[in-house]
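Enquirer: What follows is the file start-v3.cif, containing mmCIF, C-alpha atoms and all ligand atoms:
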data_entry
loop_
_atom_site.label_atom_id
_atom_site.label_comp_id
_atom_site.auth_asym_id
_atom_site.auth_seq_id
_atom_site.Cartn_x
_atom_site.Cartn_y
_atom_site.Cartn_z
CA MET A 15 -8.08 104.12 17.20
CA LEU A 16 -11.46 105.43 18.25
CA VAL A 17 -11.35 108.88 19.90
CA ASN A 18 -14.63 110.51 20.87
CA LEU A 19 -15.91 113.84 19.60
CA ARG A 20 -15.06 115.77 22.79
CA ASP A 21 -11.47 114.51 22.87
CA ILE A 22 -10.80 114.92 19.15
CA THR A 23 -12.04 118.54 19.15
CA ALA A 24 -9.97 119.15 22.30
CA ILE A 25 -6.89 118.09 20.27
CA ALA A 26 -7.95 120.64 17.64
CA GLU A 27 -8.40 123.37 20.26
CA GLN A 28 -4.99 122.72 21.77
CA ASN A 29 -3.30 122.96 18.36
CA ASN A 30 -5.36 125.81 16.84
CA MET A 31 -6.37 123.54 14.00
CA ALA A 32 -9.61 122.07 12.63
CA ILE A 33 -10.37 118.39 12.13
CA GLY A 34 -11.90 117.45 8.78
CA ALA A 35 -15.25 115.64 9.12
CA PHE A 36 -15.71 113.75 5.87
CA ASN A 37 -19.10 112.36 4.88
CA SER A 38 -18.39 108.75 3.97
CA PRO A 39 -21.28 107.08 2.16
CA SER A 40 -18.91 104.81 0.21
CA LEU A 41 -15.99 102.57 1.07
CA GLU A 42 -13.73 104.68 -1.17
CA SER A 43 -14.50 107.94 0.64
CA ALA A 44 -14.19 106.35 4.11
CA ARG A 45 -10.90 104.61 3.31
CA ALA A 46 -9.49 107.73 1.66
CA ALA A 47 -10.25 109.88 4.74
CA ILE A 48 -8.66 107.41 7.16
CA ASP A 49 -5.69 106.49 4.95
CA THR A 50 -4.90 110.16 4.32
CA ALA A 51 -5.13 110.95 8.05
CA GLU A 52 -2.68 108.10 8.73
CA LYS A 53 -0.33 109.28 6.00
CA LEU A 54 -0.27 112.86 7.32
CA GLY A 55 -0.45 112.03 11.03
CA TYR A 56 -3.61 114.03 11.77
CA PRO A 57 -6.86 113.04 13.51
CA VAL A 58 -9.97 112.65 11.37
CA ILE A 59 -13.75 112.43 11.73
CA ILE A 60 -15.72 110.14 9.42
CA ASP A 61 -19.40 110.97 9.10
CA HIS A 62 -22.51 109.02 8.32
CA ALA A 63 -25.31 111.51 7.51
CA GLN A 64 -28.88 110.44 8.21
CA GLY A 65 -29.69 111.97 4.83
CA HIS A 66 -27.37 109.45 3.16
CA GLU A 67 -29.45 106.51 4.39
CA GLU A 68 -30.59 105.78 0.84
CA ILE A 69 -26.99 105.69 -0.48
CA THR A 70 -25.72 103.36 2.24
CA PRO A 71 -27.94 102.51 5.21
CA LEU A 72 -26.64 103.01 8.76
CA ASP A 73 -26.94 99.26 9.41
CA VAL A 74 -24.52 98.57 6.55
CA MET A 75 -22.11 101.50 6.71
CA GLY A 76 -21.99 102.07 10.50
CA PRO A 77 -20.20 98.79 11.40
CA VAL A 78 -17.80 99.30 8.46
CA LEU A 79 -16.86 102.82 9.62
CA ILE A 80 -16.33 101.61 13.18
CA ALA A 81 -14.17 98.66 12.09
CA LEU A 82 -12.01 100.96 9.92
CA ALA A 83 -11.64 103.43 12.79
CA GLU A 84 -10.77 100.79 15.39
CA ARG A 85 -7.92 99.33 13.40
CA SER A 86 -6.50 102.70 12.28
CA THR A 87 -3.32 104.13 13.77
CA ALA A 88 -4.85 107.64 13.43
CA PRO A 89 -7.25 109.07 16.04
CA VAL A 90 -10.68 108.62 14.39
CA CYS A 91 -14.13 109.72 15.54
CA VAL A 92 -17.11 107.96 13.93
CA HIS A 93 -19.80 110.61 13.86
CA LEU A 94 -23.49 110.75 13.00
CA ASP A 95 -24.16 113.85 10.89
CA HIS A 96 -27.39 115.91 10.74
CA CYS A 97 -29.53 113.50 12.73
CA GLU A 98 -33.10 114.75 13.18
CA ASP A 99 -34.46 111.68 14.86
CA LEU A 100 -33.48 110.47 18.35
CA SER A 101 -34.38 106.84 17.70
CA TYR A 102 -32.03 106.83 14.68
CA MET A 103 -29.37 108.38 16.92
CA ARG A 104 -29.81 105.63 19.51
CA ARG A 105 -29.22 102.98 16.83
CA ALA A 106 -25.91 104.65 15.92
CA LEU A 107 -24.86 104.90 19.58
CA GLU A 108 -25.64 101.24 20.23
CA MET A 109 -23.46 100.42 17.23
CA GLY A 110 -20.51 102.30 18.74
CA PHE A 111 -20.58 105.78 17.16
CA ASN A 112 -18.67 108.14 19.46
CA GLY A 113 -19.85 111.46 18.00
CA ALA A 114 -23.31 112.62 16.94
CA MET A 115 -25.06 115.75 15.73
CA PHE A 116 -28.63 116.51 16.64
CA ASP A 117 -29.88 118.91 13.98
CA GLY A 118 -32.85 120.85 15.29
CA SER A 119 -31.97 123.97 13.32
CA PHE A 120 -35.29 123.81 11.41
CA LEU A 121 -37.29 123.71 14.69
CA PRO A 122 -38.46 126.60 16.88
CA TYR A 123 -35.70 127.58 19.35
CA GLU A 124 -37.36 126.04 22.43
CA ARG A 125 -37.93 122.70 20.69
CA ASN A 126 -34.33 122.70 19.41
CA CYS A 127 -33.19 123.18 23.05
CA GLU A 128 -35.52 120.49 24.40
CA LEU A 129 -34.60 117.79 21.87
CA GLY A 130 -30.94 118.83 21.96
CA HIS A 131 -30.98 118.29 25.73
CA ARG A 132 -32.48 114.83 25.35
CA ALA A 133 -29.89 114.01 22.71
CA ALA A 134 -27.11 115.17 25.08
CA GLU A 135 -28.36 112.95 27.92
CA MET A 136 -28.52 109.98 25.58
CA CYS A 137 -25.12 110.62 23.97
CA HIS A 138 -23.35 111.18 27.28
CA SER A 139 -24.73 107.90 28.68
CA PHE A 140 -22.84 106.23 25.79
CA ASP A 141 -19.68 108.35 26.36
CA CYS A 142 -20.36 109.99 23.01
CA GLY A 143 -19.91 113.71 22.30
CA LEU A 144 -22.82 115.76 20.96
CA GLU A 145 -22.95 118.56 18.38
CA CYS A 146 -26.00 120.83 18.07
CA GLU A 147 -26.75 123.63 15.62
CA LEU A 148 -27.89 127.14 16.46
CA GLY A 149 -29.07 129.34 13.60
CA SER A 150 -29.62 127.58 10.31
CA MET A 151 -27.66 126.69 7.21
CA GLY A 152 -30.91 126.92 5.26
CA SER A 153 -31.01 123.92 2.91
CA ARG A 154 -31.32 120.70 4.88
CA GLU A 155 -28.50 118.19 4.56
CA ALA A 156 -30.52 115.72 6.64
CA GLY A 157 -33.20 115.55 3.98
CA ALA A 158 -30.47 114.81 1.42
CA LYS A 159 -31.75 117.89 -0.37
CA VAL A 160 -28.58 119.86 -0.96
CA GLU A 161 -29.39 123.14 -2.66
CA GLY A 162 -26.15 125.11 -2.57
CA GLY A 163 -26.09 128.61 -4.08
CA THR A 164 -25.59 131.46 -1.63
CA ALA A 165 -26.43 131.56 2.08
CA GLU A 166 -29.29 133.99 1.33
CA GLU A 167 -30.72 131.76 -1.40
CA ALA A 168 -30.51 128.73 0.88
CA GLY A 169 -32.51 130.67 3.52
CA ALA A 170 -29.68 130.61 6.06
CA ILE A 171 -30.13 132.34 9.41
CA TYR A 172 -26.84 133.41 10.99
CA THR A 173 -26.22 132.19 14.52
CA ASP A 174 -27.06 134.83 17.12
CA PRO A 175 -23.85 135.34 19.15
CA ASP A 176 -25.87 136.50 22.17
CA GLN A 177 -27.86 133.25 22.21
CA ALA A 178 -24.89 130.85 21.90
CA ASN A 179 -24.04 130.36 25.59
CA GLU A 180 -27.67 130.05 26.64
CA PHE A 181 -28.21 127.41 23.93
CA ILE A 182 -25.10 125.44 24.92
CA ALA A 183 -26.21 125.47 28.58
CA ALA A 184 -29.81 124.51 27.68
CA THR A 185 -28.82 121.57 25.51
CA GLY A 186 -25.57 120.44 27.19
CA CYS A 187 -23.96 119.98 23.76
CA ASP A 188 -20.18 119.57 23.57
CA ILE A 189 -19.57 121.41 20.29
CA LEU A 190 -21.65 123.94 18.37
CA ALA A 191 -22.40 124.17 14.63
CA VAL A 192 -22.68 127.82 13.64
CA SER A 193 -24.08 129.54 10.58
CA PHE A 194 -22.03 132.45 9.25
CA GLY A 195 -22.31 132.29 5.46
CA THR A 196 -21.37 128.78 4.35
CA VAL A 197 -23.94 126.56 2.59
CA HIS A 198 -24.24 122.86 1.87
CA GLY A 199 -23.69 121.85 -1.75
CA LEU A 200 -22.11 123.72 -4.65
CA TYR A 201 -21.48 127.45 -4.30
CA LYS A 202 -22.67 129.82 -6.98
CA GLY A 203 -19.67 132.13 -7.20
CA GLU A 204 -17.43 132.87 -4.21
CA PRO A 205 -18.76 132.05 -0.74
CA HIS A 206 -19.06 135.16 1.46
CA LEU A 207 -18.30 134.34 5.07
CA CYS A 208 -19.32 136.72 7.84
CA PHE A 209 -16.27 136.62 10.13
CA ASP A 210 -17.79 139.30 12.31
CA VAL A 211 -20.51 136.86 13.43
CA LEU A 212 -17.95 134.07 13.98
CA ASN A 213 -15.64 136.35 16.01
CA GLN A 214 -18.52 137.51 18.18
CA ILE A 215 -19.56 133.90 18.91
CA ARG A 216 -15.98 132.97 19.75
CA GLU A 217 -15.65 135.94 22.13
CA ARG A 218 -18.70 134.75 24.05
CA THR A 219 -18.08 131.00 24.31
CA LEU A 220 -15.27 128.51 24.92
CA THR A 221 -17.12 125.66 23.18
CA PRO A 222 -15.44 124.30 20.00
CA LEU A 223 -17.24 125.58 16.88
CA VAL A 224 -18.16 123.69 13.70
CA MET A 225 -18.30 124.86 10.08
CA HIS A 226 -20.88 123.06 7.94
CA GLY A 227 -20.96 123.54 4.18
CA GLY A 228 -17.19 123.38 4.53
CA SER A 229 -16.19 122.22 1.06
CA GLY A 230 -15.65 124.82 -1.68
CA VAL A 231 -14.21 127.46 0.70
CA SER A 232 -10.87 129.13 -0.16
CA ASP A 233 -7.73 128.13 1.73
CA GLU A 234 -7.46 131.72 3.06
CA ASP A 235 -10.98 131.63 4.47
CA TYR A 236 -10.37 128.21 6.07
CA ALA A 237 -7.33 129.65 7.85
CA LYS A 238 -9.26 132.74 9.00
CA ALA A 239 -12.14 130.59 10.26
CA ILE A 240 -9.78 128.26 12.15
CA ASP A 241 -8.00 131.22 13.75
CA ALA A 242 -11.48 132.42 14.79
CA GLY A 243 -12.26 129.13 16.60
CA ILE A 244 -13.58 126.65 14.02
CA ARG A 245 -12.45 123.19 15.22
CA LYS A 246 -14.39 120.82 12.95
CA ILE A 247 -15.01 121.33 9.23
CA ASN A 248 -17.71 119.27 7.52
CA TYR A 249 -16.59 118.34 4.04
CA PHE A 250 -18.43 116.42 1.33
CA THR A 251 -19.63 118.02 -1.92
CA TYR A 252 -16.36 119.12 -3.52
CA GLY A 253 -14.58 115.85 -2.63
CA SER A 254 -17.38 113.84 -4.20
CA LYS A 255 -17.27 116.11 -7.26
CA ALA A 256 -13.49 115.61 -7.59
CA ALA A 257 -13.91 111.82 -7.46
CA GLY A 258 -16.78 111.90 -10.00
CA GLU A 259 -14.78 114.09 -12.37
CA ALA A 260 -11.76 111.76 -12.15
CA VAL A 261 -13.94 108.75 -12.98
CA THR A 262 -15.59 110.60 -15.88
CA ALA A 263 -12.20 111.59 -17.34
CA ASP A 264 -10.81 108.09 -16.92
CA LEU A 265 -13.79 106.48 -18.67
CA LYS A 266 -12.84 108.29 -21.88
CA ASN A 267 -9.68 106.13 -22.05
CA GLU A 268 -11.39 102.81 -21.29
CA GLU A 269 -12.79 100.46 -23.86
CA VAL A 270 -14.77 98.60 -21.21
CA PRO A 271 -16.09 100.65 -18.25
CA TYR A 272 -15.17 98.21 -15.48
CA TYR A 273 -16.73 99.28 -12.20
CA HIS A 274 -13.86 98.06 -10.01
CA LYS A 275 -11.48 100.38 -11.89
CA MET A 276 -13.82 103.32 -11.27
CA THR A 277 -13.68 102.66 -7.52
CA MET A 278 -9.86 102.77 -7.63
CA THR A 279 -9.88 106.03 -9.61
CA ALA A 280 -12.39 107.52 -7.18
CA TYR A 281 -10.30 106.44 -4.16
CA ASP A 282 -7.18 108.10 -5.60
CA ALA A 283 -9.08 111.33 -6.33
CA PHE A 284 -10.56 111.41 -2.81
CA CYS A 285 -7.08 110.91 -1.34
CA LYS A 286 -5.63 113.77 -3.39
CA ASP A 287 -8.44 116.16 -2.47
CA TYR A 288 -8.45 115.17 1.22
CA GLU A 289 -4.67 115.48 1.49
CA HIS A 290 -4.86 119.08 0.31
CA VAL A 291 -7.62 120.11 2.72
CA MET A 292 -6.28 118.17 5.71
CA LYS A 293 -2.99 120.07 5.37
CA VAL A 294 -4.91 123.37 5.21
CA PHE A 295 -7.10 122.39 8.19
CA ALA A 296 -3.94 121.59 10.20
CA ASN A 297 -3.25 125.34 10.02
CA GLY A 298 0.47 124.84 10.62
CA ALA A 299 0.11 122.25 13.42
CA LYS A 300 2.69 119.49 13.36
CA PRO A 301 1.51 115.87 12.84
CA ILE A 302 -0.09 114.59 16.03
CA ALA A 303 -0.61 110.87 15.56
P1 LIG B 1 -20.48 120.52 1.82
O1 LIG B 1 -21.75 120.29 1.06
O2 LIG B 1 -19.97 121.92 1.66
O3 LIG B 1 -19.41 119.56 1.48
O4 LIG B 1 -20.81 120.38 3.38
C1 LIG B 1 -21.03 119.11 3.92
C2 LIG B 1 -21.62 119.22 5.28
O5 LIG B 1 -21.69 120.26 5.88
C3 LIG B 1 -22.15 117.98 5.86
O6 LIG B 1 -22.68 118.15 7.13
#
Would you mind writing the file out in structure tokens?

Expert:
Amino acid sequence: MLVNLRDITAIAEQNNMAIGAFNSPSLESARAAIDTAEKLGYPVIIDHAQGHEEITPLDVMGPVLIALAERSTAPVCVHLDHCEDLSYMRRALEMGFNGAMFDGSFLPYERNCELGHRAAEMCHSFDCGLECELGSMGSREAGAKVEGGTAEEAGAIYTDPDQANEFIAATGCDILAVSFGTVHGLYKGEPHLCFDVLNQIRERTLTPLVMHGGSGVSDEDYAKAIDAGIRKINYFTYGSKAAGEAVTADLKNEEVPYYHKMTMTAYDAFCKDYEHVMKVFANGAKPIA
């Protein structure tokens, strides 16, 4: 069933858990996220990133994601990830997306507030929740240019805890993406998360917080981040890597590399990876759906 971004993150808040937000540019990844959520009894967010337009266009993937969500027994939010363009956002809202992120993190602060506010007005007129980002993850997911490395190398700017409430009020966003050491893409070595920044943001605001660059983090750090108020974890790179590795290994045993078999192998690998992280993100909460 479709549950909008505000309501699904409210479930997370109530249960001191985070909801996995899985980028779903393929049928295998989308089905794996929803099927695993149903199996475990947890809510899930499936994401279409504007930067994935060239993999599967919004016009093709959007209606598929919505149809899968509508018929699911799990609470599912269909969310637009890292949208930099309000006309693209409107297309997703008209299609039935019930969560969206306006990413103005690369803009000057005032412009991020101004466009974030316009995005909020538009989203709320469609009963859709809005996520905005304060600070910057550095490398831009929206441009499909995923650099990875360390937060410093990616040019990340940590969220200023003293600015968080002012930014939330100025934009009217429902949830806030914060930068505290995670990066999009593959990590070089161990990620170093700055929990001090996260704790300070949490002390100053009641708004649910979002971790981007959420794959590749240790189970211990996920738990610490959730206990410090992270309610949505964006997850893509390491799930896609797991599926690709499974396909590569399987191909060694195949005389003929049938594509349909690769999709089944990928689906199984996504399910396995997502099951592990969804249990960690639940942070001890009992099944909800
Ligand atoms: P990863 O690259 O760590 O999977 O992060 C994905 C993400 O944050 C999408 O918005």

Enquirer: Could you give me, as number ranges by chain, every polymer residue with an atom at most 9 Å away from an atom of ligand LIG 1 (chain B), counting only C-alpha atoms and all ligand atoms?

Expert: A: 35-37, 61, 63, 95-96, 151, 155-156, 160-162, 196-201, 225-231, 247-254

Enquirer: Set the distance at 9 Å and use only C-alpha atoms: which residues neighbour Ile240 (chain A) once local chain neighbours fewer than 6 positions away are removed? I'd like the list as a list of chain:residue names.

Expert: A:Asn30, A:Met31, A:Ala32, A:Lys246, A:Phe295, A:Asn297

Enquirer: My list of candidates is A:Cys142, A:Val17, A:Ala24, A:Ala106. Which is closest to Leu223 (chain A) when distances are computed with all atoms listed in the file?

Expert: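 Answer, going by the shortest atom-to-atom distance: A:Ala24.
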
Enquirer: Please return, as a PyMOL selection string, all polymer residues that have at least one atom within 8 Å of the point (-29.7, 118.5, 21.5); use only C-alpha atoms and the file's own coordinate frame.

Expert: chain A and resi 115-118+126-134+144-146+185-187

Enquirer: With distances taken over all atoms listed in the file, which residue among A:Leu148, A:Ala184, A:Ile244, A:Ala165 lies nearest Leu207 (chain A)?

Expert: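 Using all atoms listed in the file, Leu207 (chain A) sits closest to A:Ala165.
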
Enquirer: I'd like the interatomic distance between CA of Pro77 (chain A) and CA of Arg20 (chain A), to a tenth of an Å.

Expert: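 Interatomic distance, CA of Pro77 (chain A) to CA of Arg20 (chain A): 21.1 Å.
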
Enquirer: Separation of CA of Lys202 (chain A) and CA of Lys238 (chain A), in Å?

Expert: 21.1 Å

Enquirer: Name all residues at most 10 Å from Ile33 (chain A) (count all atoms listed in the file; drop same-chain ones fewer than 6 positions away) and give them as an MDAnalysis selection string.

Expert: chainID A and resid 22:23 25:27 51 56:59 224 240 244:248 291:292 295:296

Enquirer: Using only C-alpha atoms, determine which residues lie at most 7 Å from Ala283 (chain A), disregarding the query and same-chain residues fewer than 4 positions distant; provide the list as a ChimeraX atom specification.

Expert: /A:256-257,260,279,287

Enquirer: Which value, in Å to one decimal, gives the distance between CA of Val270 (chain A) and CA of Gly258 (chain A)?

Expert: 17.5 Å

Enquirer: Smallest atom-to-atom distance to Phe284 (chain A): which of A:Leu19, A:Met103, A:Ile48, A:Leu79, using only C-alpha atoms?

Expert: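 Checking each of A:Leu19, A:Met103, A:Ile48, A:Leu79 against Phe284 (chain A), counting only C-alpha atoms, the winner is A:Ile48.
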
Enquirer: Considering only C-alpha atoms, state which residue in the set A:Thr50, A:Ala191, A:Gly152, A:Cys285 is at the smallest distance from Glu167 (chain A).

Expert: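 Closest candidate: A:Gly152.
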
Enquirer: Given all atoms listed in the file as the basis, pick out the residue of A:Asp174, A:Asp21, A:Glu268, A:Ala47 nearest to His290 (chain A).

Expert: A:Ala47

Enquirer: Quick one: residues within 12 Å of Leu107 (chain A), all atoms listed in the file, excluding same-chain residues fewer than 3 positions away - as an NGL selection string?

Expert: :A and (18 or 72-73 or 76-77 or 80 or 92-94 or 97 or 100-104 or 110-115 or 133-134 or 136-144)
